[in-house]
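Colleague: Sharing structure.txt (compact mmCIF, C-alpha atoms and all ligand atoms) below.
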# COMPACT_ATOMS: atom_id res chain seq x y z
CA MET T 123 3.75 -27.80 28.59
CA TYR T 124 0.43 -27.36 26.74
CA ARG T 125 -1.68 -24.33 27.60
CA PRO T 126 -4.88 -23.39 25.76
CA ARG T 127 -4.32 -20.11 23.94
CA ARG T 128 -6.34 -17.25 22.58
CA TYR T 129 -5.43 -16.14 19.08
CA LEU T 130 -6.35 -13.20 16.87
CA MET T 131 -6.75 -13.86 13.16
CA CYS T 132 -8.19 -12.06 10.13
CA PRO T 133 -9.71 -13.82 7.09
CA PRO T 134 -7.74 -13.12 3.86
CA GLU T 135 -10.87 -11.99 2.06
CA HIS T 136 -9.02 -9.08 0.45
CA PHE T 137 -5.68 -10.82 0.18
CA ARG T 138 -3.59 -9.65 -2.83
CA VAL T 139 0.01 -8.93 -3.69
CA THR T 140 -0.20 -5.41 -5.12
CA TYR T 141 2.99 -4.01 -3.59
CA SER T 142 6.30 -5.58 -2.74
CA ILE T 143 7.89 -4.86 0.61
CA ASN T 144 9.78 -8.11 1.12
CA PRO T 145 11.66 -10.47 -1.25
CA TRP T 146 8.81 -13.01 -1.24
CA MET T 147 6.27 -10.62 -2.78
CA ASP T 148 6.46 -11.16 -6.54
CA LEU T 149 3.97 -8.89 -8.31
CA THR T 150 3.91 -11.12 -11.40
CA LYS T 151 2.62 -14.19 -9.51
CA PRO T 152 -1.18 -14.40 -9.38
CA VAL T 153 -2.85 -14.99 -6.03
CA ASP T 154 -5.82 -17.30 -5.61
CA VAL T 155 -8.01 -15.67 -2.95
CA ARG T 156 -10.34 -18.65 -2.67
CA LEU T 157 -7.42 -20.97 -2.01
CA ALA T 158 -5.96 -18.49 0.48
CA MET T 159 -9.32 -18.44 2.30
CA ALA T 160 -9.52 -22.25 2.33
CA GLN T 161 -5.97 -22.64 3.66
CA TRP T 162 -6.52 -19.93 6.25
CA SER T 163 -9.78 -21.58 7.39
CA ASP T 164 -7.89 -24.85 7.84
CA LEU T 165 -5.44 -23.06 10.13
CA ARG T 166 -8.24 -21.49 12.19
CA ASP T 167 -10.09 -24.81 12.46
CA CYS T 168 -6.85 -26.54 13.40
CA TYR T 169 -6.38 -24.16 16.35
CA ARG T 170 -9.94 -24.74 17.49
CA SER T 171 -9.53 -28.51 17.27
CA LEU T 172 -6.44 -28.19 19.49
CA GLY T 173 -8.54 -26.45 22.14
CA HIS T 174 -7.61 -22.83 21.42
CA SER T 175 -9.98 -19.93 20.92
CA VAL T 176 -9.75 -17.68 17.89
CA ASP T 177 -11.03 -14.11 17.66
CA GLU T 178 -11.44 -12.61 14.22
CA LEU T 179 -10.72 -9.12 12.96
CA THR T 180 -12.97 -7.78 10.20
CA PRO T 181 -11.02 -7.71 6.91
CA HIS T 182 -10.49 -4.36 5.20
CA PRO T 183 -10.55 -3.94 1.40
CA ASP T 184 -7.61 -1.52 1.37
CA LEU T 185 -5.38 -3.58 3.67
CA PRO T 186 -4.40 -6.85 1.97
CA ASP T 187 -1.73 -7.67 4.59
CA LEU T 188 -4.20 -7.36 7.50
CA VAL T 189 -4.37 -11.17 7.40
CA PHE T 190 -0.97 -11.06 9.12
CA THR T 191 -2.38 -10.17 12.51
CA ALA T 192 0.85 -10.97 14.36
CA ASN T 193 2.10 -7.59 13.19
CA GLY T 194 -0.58 -5.48 14.86
CA GLY T 195 1.08 -5.21 18.25
CA LEU T 196 2.27 -7.08 21.30
CA GLN T 197 -0.17 -7.81 24.10
CA LEU T 198 1.15 -8.97 27.46
CA GLU T 199 -0.50 -8.92 30.88
CA ASP T 200 -3.25 -6.48 29.87
CA ARG T 201 -0.87 -4.02 28.23
CA VAL T 202 -0.75 -3.58 24.50
CA LEU T 203 2.09 -1.97 22.63
CA GLY T 204 0.51 -1.10 19.29
CA ALA T 205 2.57 -1.44 16.13
CA ARG T 206 4.04 1.38 14.11
CA PHE T 207 4.54 -0.06 10.65
CA ALA T 208 7.64 0.52 8.53
CA HIS T 209 5.83 0.83 5.18
CA PRO T 210 3.00 3.27 4.36
CA GLU T 211 1.05 0.46 2.65
CA ARG T 212 0.48 -1.05 6.10
CA TYR T 213 0.06 2.07 8.26
CA GLY T 214 -3.75 1.69 8.36
CA GLU T 215 -3.53 -1.72 10.03
CA ALA T 216 -2.28 -0.17 13.27
CA THR T 217 -5.58 1.72 13.65
CA VAL T 218 -7.67 -1.39 12.97
CA HIS T 219 -5.81 -3.22 15.75
CA GLU T 220 -6.02 -0.30 18.14
CA GLU T 221 -9.79 0.00 17.64
CA TRP T 222 -10.22 -3.72 18.16
CA HIS T 223 -8.31 -3.71 21.46
CA ARG T 224 -10.28 -0.67 22.67
CA GLU T 225 -13.57 -2.40 21.78
CA GLN T 226 -12.35 -5.32 23.89
CA GLY T 227 -12.09 -2.88 26.78
CA ARG T 228 -8.28 -2.75 26.92
CA THR T 229 -7.39 0.68 28.12
CA GLU T 230 -3.68 0.07 28.58
CA PHE T 231 -2.94 0.60 24.92
CA GLN T 232 0.06 2.54 23.75
CA ARG T 233 0.92 3.18 20.13
CA ALA T 234 4.67 2.68 19.83
CA GLN T 235 6.84 5.72 19.26
CA HIS T 236 9.46 3.75 17.39
CA THR T 237 8.77 1.56 14.38
CA ASN T 238 7.91 -2.00 15.45
CA GLU T 239 5.81 -4.64 13.73
CA GLY T 240 4.37 -6.34 16.78
CA GLU T 241 4.88 -10.04 17.18
CA GLY T 242 6.56 -10.08 13.79
CA ASP T 243 9.60 -8.82 15.67
CA PHE T 244 8.80 -9.59 19.32
CA ALA T 245 8.78 -13.09 20.81
CA VAL T 246 7.84 -13.88 24.40
CA THR T 247 9.68 -16.36 26.61
CA ALA T 248 8.97 -17.03 30.30
CA ASP T 249 11.31 -14.30 31.48
CA TRP T 250 12.26 -12.19 28.50
CA LEU T 251 11.18 -10.59 25.31
CA LEU T 252 13.26 -11.34 22.25
CA ALA T 253 13.22 -8.43 19.81
CA GLY T 254 14.38 -8.51 16.19
CA HIS T 255 15.41 -5.43 14.27
CA GLY T 256 17.27 -4.64 11.09
CA PHE T 257 14.62 -4.65 8.37
CA ARG T 258 11.34 -3.49 9.90
CA SER T 259 11.51 -2.64 13.57
CA SER T 260 13.74 0.19 14.70
CA PRO T 261 16.84 -0.56 16.78
CA LEU T 262 15.13 1.65 19.38
CA ALA T 263 12.06 -0.61 19.58
CA PRO T 264 13.58 -3.11 22.07
CA GLN T 265 14.29 -0.35 24.59
CA GLU T 266 10.79 1.04 24.21
CA ALA T 267 9.27 -2.42 24.81
CA GLN T 268 11.49 -3.02 27.84
CA GLU T 269 10.37 0.23 29.41
CA TYR T 270 6.69 -0.35 28.65
CA PHE T 271 6.44 -3.98 29.77
CA GLY T 272 9.13 -3.92 32.45
CA ARG T 273 10.67 -7.10 31.10
CA PRO T 274 14.25 -7.68 30.04
CA VAL T 275 14.51 -7.45 26.28
CA ILE T 276 17.15 -9.24 24.24
CA ALA T 277 17.75 -7.35 21.00
CA LEU T 278 18.67 -9.49 18.00
CA ASP T 279 20.04 -8.18 14.72
CA LEU T 280 18.49 -9.64 11.55
CA VAL T 281 20.77 -9.57 8.49
CA ASP T 282 19.17 -11.66 5.70
CA PRO T 283 16.34 -9.85 3.83
CA ARG T 284 14.49 -13.13 3.23
CA PHE T 285 14.04 -13.34 7.01
CA TYR T 286 12.93 -9.77 7.51
CA HIS T 287 10.95 -10.36 10.72
CA LEU T 288 12.10 -12.21 13.84
CA ASP T 289 9.19 -14.63 13.43
CA THR T 290 10.61 -15.82 10.11
CA ALA T 291 13.89 -16.72 11.84
CA LEU T 292 12.99 -17.90 15.35
CA CYS T 293 10.11 -19.54 17.18
CA VAL T 294 9.53 -19.98 20.92
CA LEU T 295 8.38 -23.58 21.36
CA ASP T 296 7.89 -23.63 25.10
CA ASP T 297 7.99 -20.65 27.38
CA GLY T 298 8.71 -22.72 30.48
CA PRO T 299 6.54 -23.56 33.49
CA ASP T 300 4.73 -20.39 34.52
CA GLY T 301 4.87 -18.88 37.97
CA GLU T 302 7.43 -21.30 39.31
CA GLU T 303 10.67 -20.35 40.85
CA GLY T 304 13.67 -20.80 38.60
CA ARG T 305 11.56 -20.70 35.48
CA THR T 306 13.28 -22.15 32.51
CA ARG T 307 14.45 -20.00 29.64
CA GLY T 308 12.16 -21.96 27.39
CA THR T 309 12.89 -23.87 24.23
CA VAL T 310 13.35 -22.14 20.90
CA MET T 311 14.13 -23.08 17.33
CA TYR T 312 15.95 -20.69 15.03
CA TYR T 313 17.85 -20.37 11.79
CA PRO T 314 21.30 -18.96 12.61
CA GLY T 315 21.95 -17.56 9.11
CA ALA T 316 19.25 -14.92 9.67
CA PHE T 317 21.22 -13.29 12.50
CA SER T 318 24.39 -11.25 12.80
CA PRO T 319 27.43 -13.05 14.28
CA GLY T 320 26.97 -11.30 17.63
CA SER T 321 23.27 -12.16 17.83
CA ARG T 322 24.04 -15.77 16.91
CA ALA T 323 26.47 -15.89 19.82
CA VAL T 324 23.78 -14.45 22.13
CA LEU T 325 21.31 -17.14 21.02
CA ARG T 326 23.87 -19.90 21.57
CA ARG T 327 24.58 -18.55 25.04
CA LEU T 328 20.92 -18.20 26.07
CA PHE T 329 19.59 -21.31 24.37
CA PRO T 330 22.36 -23.91 24.20
CA ASP T 331 19.78 -26.67 23.63
CA ALA T 332 17.86 -24.91 20.88
CA LEU T 333 16.65 -26.68 17.78
CA VAL T 334 18.94 -25.20 15.14
CA ALA T 335 17.21 -25.25 11.76
CA ALA T 336 18.67 -25.82 8.31
CA GLU T 337 18.33 -23.21 5.56
CA SER T 338 15.92 -25.40 3.56
CA ASP T 339 13.44 -25.48 6.45
CA ALA T 340 13.87 -21.76 7.13
CA LEU T 341 13.17 -21.09 3.43
CA ALA T 342 9.91 -23.04 3.74
CA LEU T 343 9.19 -20.46 6.50
CA GLY T 344 9.43 -23.31 9.00
CA MET T 345 10.41 -20.87 11.75
CA ASN T 346 7.06 -19.12 11.23
CA ALA T 347 5.36 -21.65 13.46
CA VAL T 348 2.99 -21.42 16.44
CA SER T 349 3.49 -23.58 19.51
CA ASP T 350 1.07 -24.04 22.40
CA GLY T 351 3.83 -25.69 24.40
CA HIS T 352 3.10 -29.10 22.91
CA HIS T 353 1.62 -28.87 19.40
CA VAL T 354 3.74 -26.98 16.91
CA VAL T 355 1.66 -25.81 13.95
CA LEU T 356 4.07 -25.20 11.09
CA PRO T 357 4.22 -24.87 7.29
CA GLN T 358 4.03 -28.36 5.80
CA ALA T 359 7.03 -27.92 3.50
CA ALA T 360 9.38 -27.62 6.49
CA VAL T 361 9.79 -31.41 6.63
CA GLY T 362 13.27 -31.35 8.18
CA LEU T 363 11.79 -30.02 11.43
CA LEU T 364 9.41 -32.91 12.06
CA ASP T 365 11.84 -35.41 13.59
CA PRO T 366 13.84 -32.89 15.64
CA LEU T 367 10.57 -31.55 17.09
CA ARG T 368 9.33 -35.04 17.96
CA GLU T 369 12.67 -35.90 19.56
CA ARG T 370 12.14 -32.95 21.90
CA GLY T 371 8.66 -34.15 22.83
CA PHE T 372 6.67 -31.76 20.65
CA GLU T 373 3.92 -32.79 18.26
CA PRO T 374 4.32 -31.15 14.86
CA VAL T 375 1.07 -30.21 13.08
CA PRO T 376 1.88 -29.43 9.42
CA ILE T 377 -0.42 -27.09 7.52
CA ASP T 378 -0.43 -25.84 3.92
CA LEU T 379 -0.43 -22.03 3.64
CA SER T 380 1.25 -21.83 0.22
CA GLU T 381 -0.96 -18.95 -1.00
CA LEU T 382 -0.05 -16.76 1.97
CA LEU T 383 3.62 -17.50 1.41
CA LYS T 384 3.31 -15.38 -1.75
CA ALA T 385 3.14 -12.35 0.55
CA GLY T 386 6.01 -13.63 2.68
CA GLY T 387 3.88 -14.94 5.52
CA SER T 388 2.86 -18.23 7.04
CA VAL T 389 1.42 -19.72 10.23
CA LYS T 390 2.78 -17.31 12.85
CA CYS T 391 2.26 -14.21 10.72
CA CYS T 392 -1.46 -15.08 10.54
CA THR T 393 -1.70 -15.53 14.31
CA GLY T 394 -1.60 -12.82 16.92
CA GLU T 395 -1.54 -14.13 20.49
CA LEU T 396 -3.71 -12.62 23.22
CA ARG T 397 -2.12 -13.29 26.57
N1 LIG K 1 3.50 -8.91 3.32
C1 LIG K 1 3.71 -8.74 4.72
C2 LIG K 1 4.86 -7.79 4.95
O1 LIG K 1 5.83 -7.85 4.23
C3 LIG K 1 3.98 -10.04 5.39
C4 LIG K 1 4.02 -9.93 6.88
C5 LIG K 1 4.36 -11.21 7.52
N2 LIG K 1 4.18 -11.14 8.92
C6 LIG K 1 5.05 -11.62 9.82
N3 LIG K 1 4.69 -11.62 11.06
N4 LIG K 1 6.24 -12.02 9.48
O2 LIG K 1 4.83 -6.95 5.82
What is this file in structure tokens?
Modeller:
Amino acid sequence: MYRPRRYLMCPPEHFRVTYSINPWMDLTKPVDVRLAMAQWSDLRDCYRSLGHSVDELTPHPDLPDLVFTANGGLQLEDRVLGARFAHPERYGEATVHEEWHREQGRTEFQRAQHTNEGEGDFAVTADWLLAGHGFRSSPLAPQEAQEYFGRPVIALDLVDPRFYHLDTALCVLDDGPDGEEGRTRGTVMYYPGAFSPGSRAVLRRLFPDALVAAESDALALGMNAVSDGHHVVLPQAAVGLLDPLRERGFEPVPIDLSELLKAGGSVKCCTGELR
């Protein structure tokens, strides 16, 4: 079910690949900042045309990955769990996000004690939080989030370095009708190869009707999509997802973010959600 959303984005004005902290970041490949800006603007305008509002963070010259605002924290019901980044190159981003939330008047802000990269590794369904760990977030992060938000957290073990964040391996398409009794578990899509055998079994058990993606679509970062419950904005190269999404009643909205893929990010990485 469609709900208008509020997103947090940051223009890639200082986007570069000057360090490599995931297998996608190839220091020998040049980055075209103007193209990155144009593609990013298309994404922002796409959200607005779908009826969503977009807040913008001010870019920072020393923080090229700040464009990936999903990583700054997890905000839910007026509480924010601020990120604690795994790599020193990104430490400064946590402060930028914290200051922004405080300027917005959010006092319930807590900087995480354990390493977690915000919505990169946390996904929200109607009843639960799904929490990835293995490459970035600490295995202790799910417990910390459960305690802070008072929501059951399902911890999922990521095992393939190409899918280093949960949001490169799984996407919540529909979080179920809100506030109703017997809320659904929601609809998700995921790429099983990114998860440990035990976590794969958990996903099958919780989401027997999930859209299970092929490796080719996962490698196009197709799981790094953003759904408003009806429109699913996703990287345009993930063509194998279009029909399965339509069959489930969703409307895929393909978008080209090829420049941002050079840093290992796509649609969802560029989109923090304010709930
Ligand atoms: N270069 C960034 C990193 O490796 C990309 C972050 C992508 N963000 C995401 N939510 N998956 O940290």
Colleague: Each residue of chain T lying at most 7 Å from ligand LIG 1 (chain K) should get a row with its shortest atom-to-atom pair and the distance in Å to one decimal, counting all atoms listed in the file; could you produce that, ordered by chain and increasing number, as a Markdown table?
Modeller:
| residue | atom | partner | partner_atom | distance |
| --- | --- | --- | --- | --- |
| T:Ile143 | CA | K:LIG1 | O1 | 5.1 |
| T:Asn144 | CA | K:LIG1 | O1 | 5.0 |
| T:Met147 | CA | K:LIG1 | N1 | 6.9 |
| T:Asp187 | CA | K:LIG1 | N1 | 5.5 |
| T:Phe190 | CA | K:LIG1 | N2 | 5.2 |
| T:Ala192 | CA | K:LIG1 | N3 | 5.1 |
| T:Asn193 | CA | K:LIG1 | N3 | 5.2 |
| T:Glu241 | CA | K:LIG1 | N3 | 6.3 |
| T:Gly242 | CA | K:LIG1 | N3 | 3.6 |
| T:His287 | CA | K:LIG1 | N4 | 5.1 |
| T:Asp289 | CA | K:LIG1 | N4 | 5.6 |
| T:Thr290 | CA | K:LIG1 | N4 | 5.8 |
| T:Ala385 | CA | K:LIG1 | N1 | 4.4 |
| T:Gly386 | CA | K:LIG1 | C3 | 4.9 |
| T:Gly387 | CA | K:LIG1 | C5 | 4.3 |
| T:Lys390 | CA | K:LIG1 | N3 | 6.3 |
| T:Cys391 | CA | K:LIG1 | N3 | 3.6 |
Colleague: Identify the residues within 8 Å of coordinate (2.4, -9.6, 26.3) (same frame as the file), considering only C-alpha atoms, and give the answer as a list in words.
Modeller: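 The requested residues, written out, are Leu196, Gln197, Leu198, Glu199, Asp200, Arg201, Val202, Val246, Phe271, Leu396 and Arg397 of chain T.
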Colleague: Under the rule that all atoms listed in the file are counted, which of T:Glu266, T:Gln235, T:Ile276, T:Arg170 is the nearest residue to T:Trp250?
Modeller: T:Ile276
Colleague: Just the residues within 12 Å of T:Leu157, please, counting only C-alpha atoms, with nothing from its chain fewer than 4 positions along; format it as a PDB file with C-alpha atoms, in the coordinates of the input.
Modeller:
ATOM      1  CA  PRO T 133      -9.710 -13.820   7.090  1.00  0.00           C
ATOM      2  CA  PRO T 134      -7.740 -13.120   3.860  1.00  0.00           C
ATOM      3  CA  GLU T 135     -10.870 -11.990   2.060  1.00  0.00           C
ATOM      4  CA  PHE T 137      -5.680 -10.820   0.180  1.00  0.00           C
ATOM      5  CA  ARG T 138      -3.590  -9.650  -2.830  1.00  0.00           C
ATOM      6  CA  PRO T 152      -1.180 -14.400  -9.380  1.00  0.00           C
ATOM      7  CA  VAL T 153      -2.850 -14.990  -6.030  1.00  0.00           C
ATOM      8  CA  GLN T 161      -5.970 -22.640   3.660  1.00  0.00           C
ATOM      9  CA  TRP T 162      -6.520 -19.930   6.250  1.00  0.00           C
ATOM     10  CA  SER T 163      -9.780 -21.580   7.390  1.00  0.00           C
ATOM     11  CA  ASP T 164      -7.890 -24.850   7.840  1.00  0.00           C
ATOM     12  CA  ASP T 378      -0.430 -25.840   3.920  1.00  0.00           C
ATOM     13  CA  LEU T 379      -0.430 -22.030   3.640  1.00  0.00           C
ATOM     14  CA  SER T 380       1.250 -21.830   0.220  1.00  0.00           C
ATOM     15  CA  GLU T 381      -0.960 -18.950  -1.000  1.00  0.00           C
ATOM     16  CA  LEU T 382      -0.050 -16.760   1.970  1.00  0.00           C
TER      17      LEU T 382
END
Colleague: Neighbourhood query: residues within 10 Å of (-11.0, -9.5, 10.8), file coordinates, counting only C-alpha atoms; return as a list of chain:residue names.
Modeller: T:Leu130, T:Met131, T:Cys132, T:Pro133, T:Pro134, T:Glu135, T:Asp177, T:Glu178, T:Leu179, T:Thr180, T:Pro181, T:His182, T:Leu188, T:Val189, T:Thr191, T:Val218, T:His219, T:Trp222
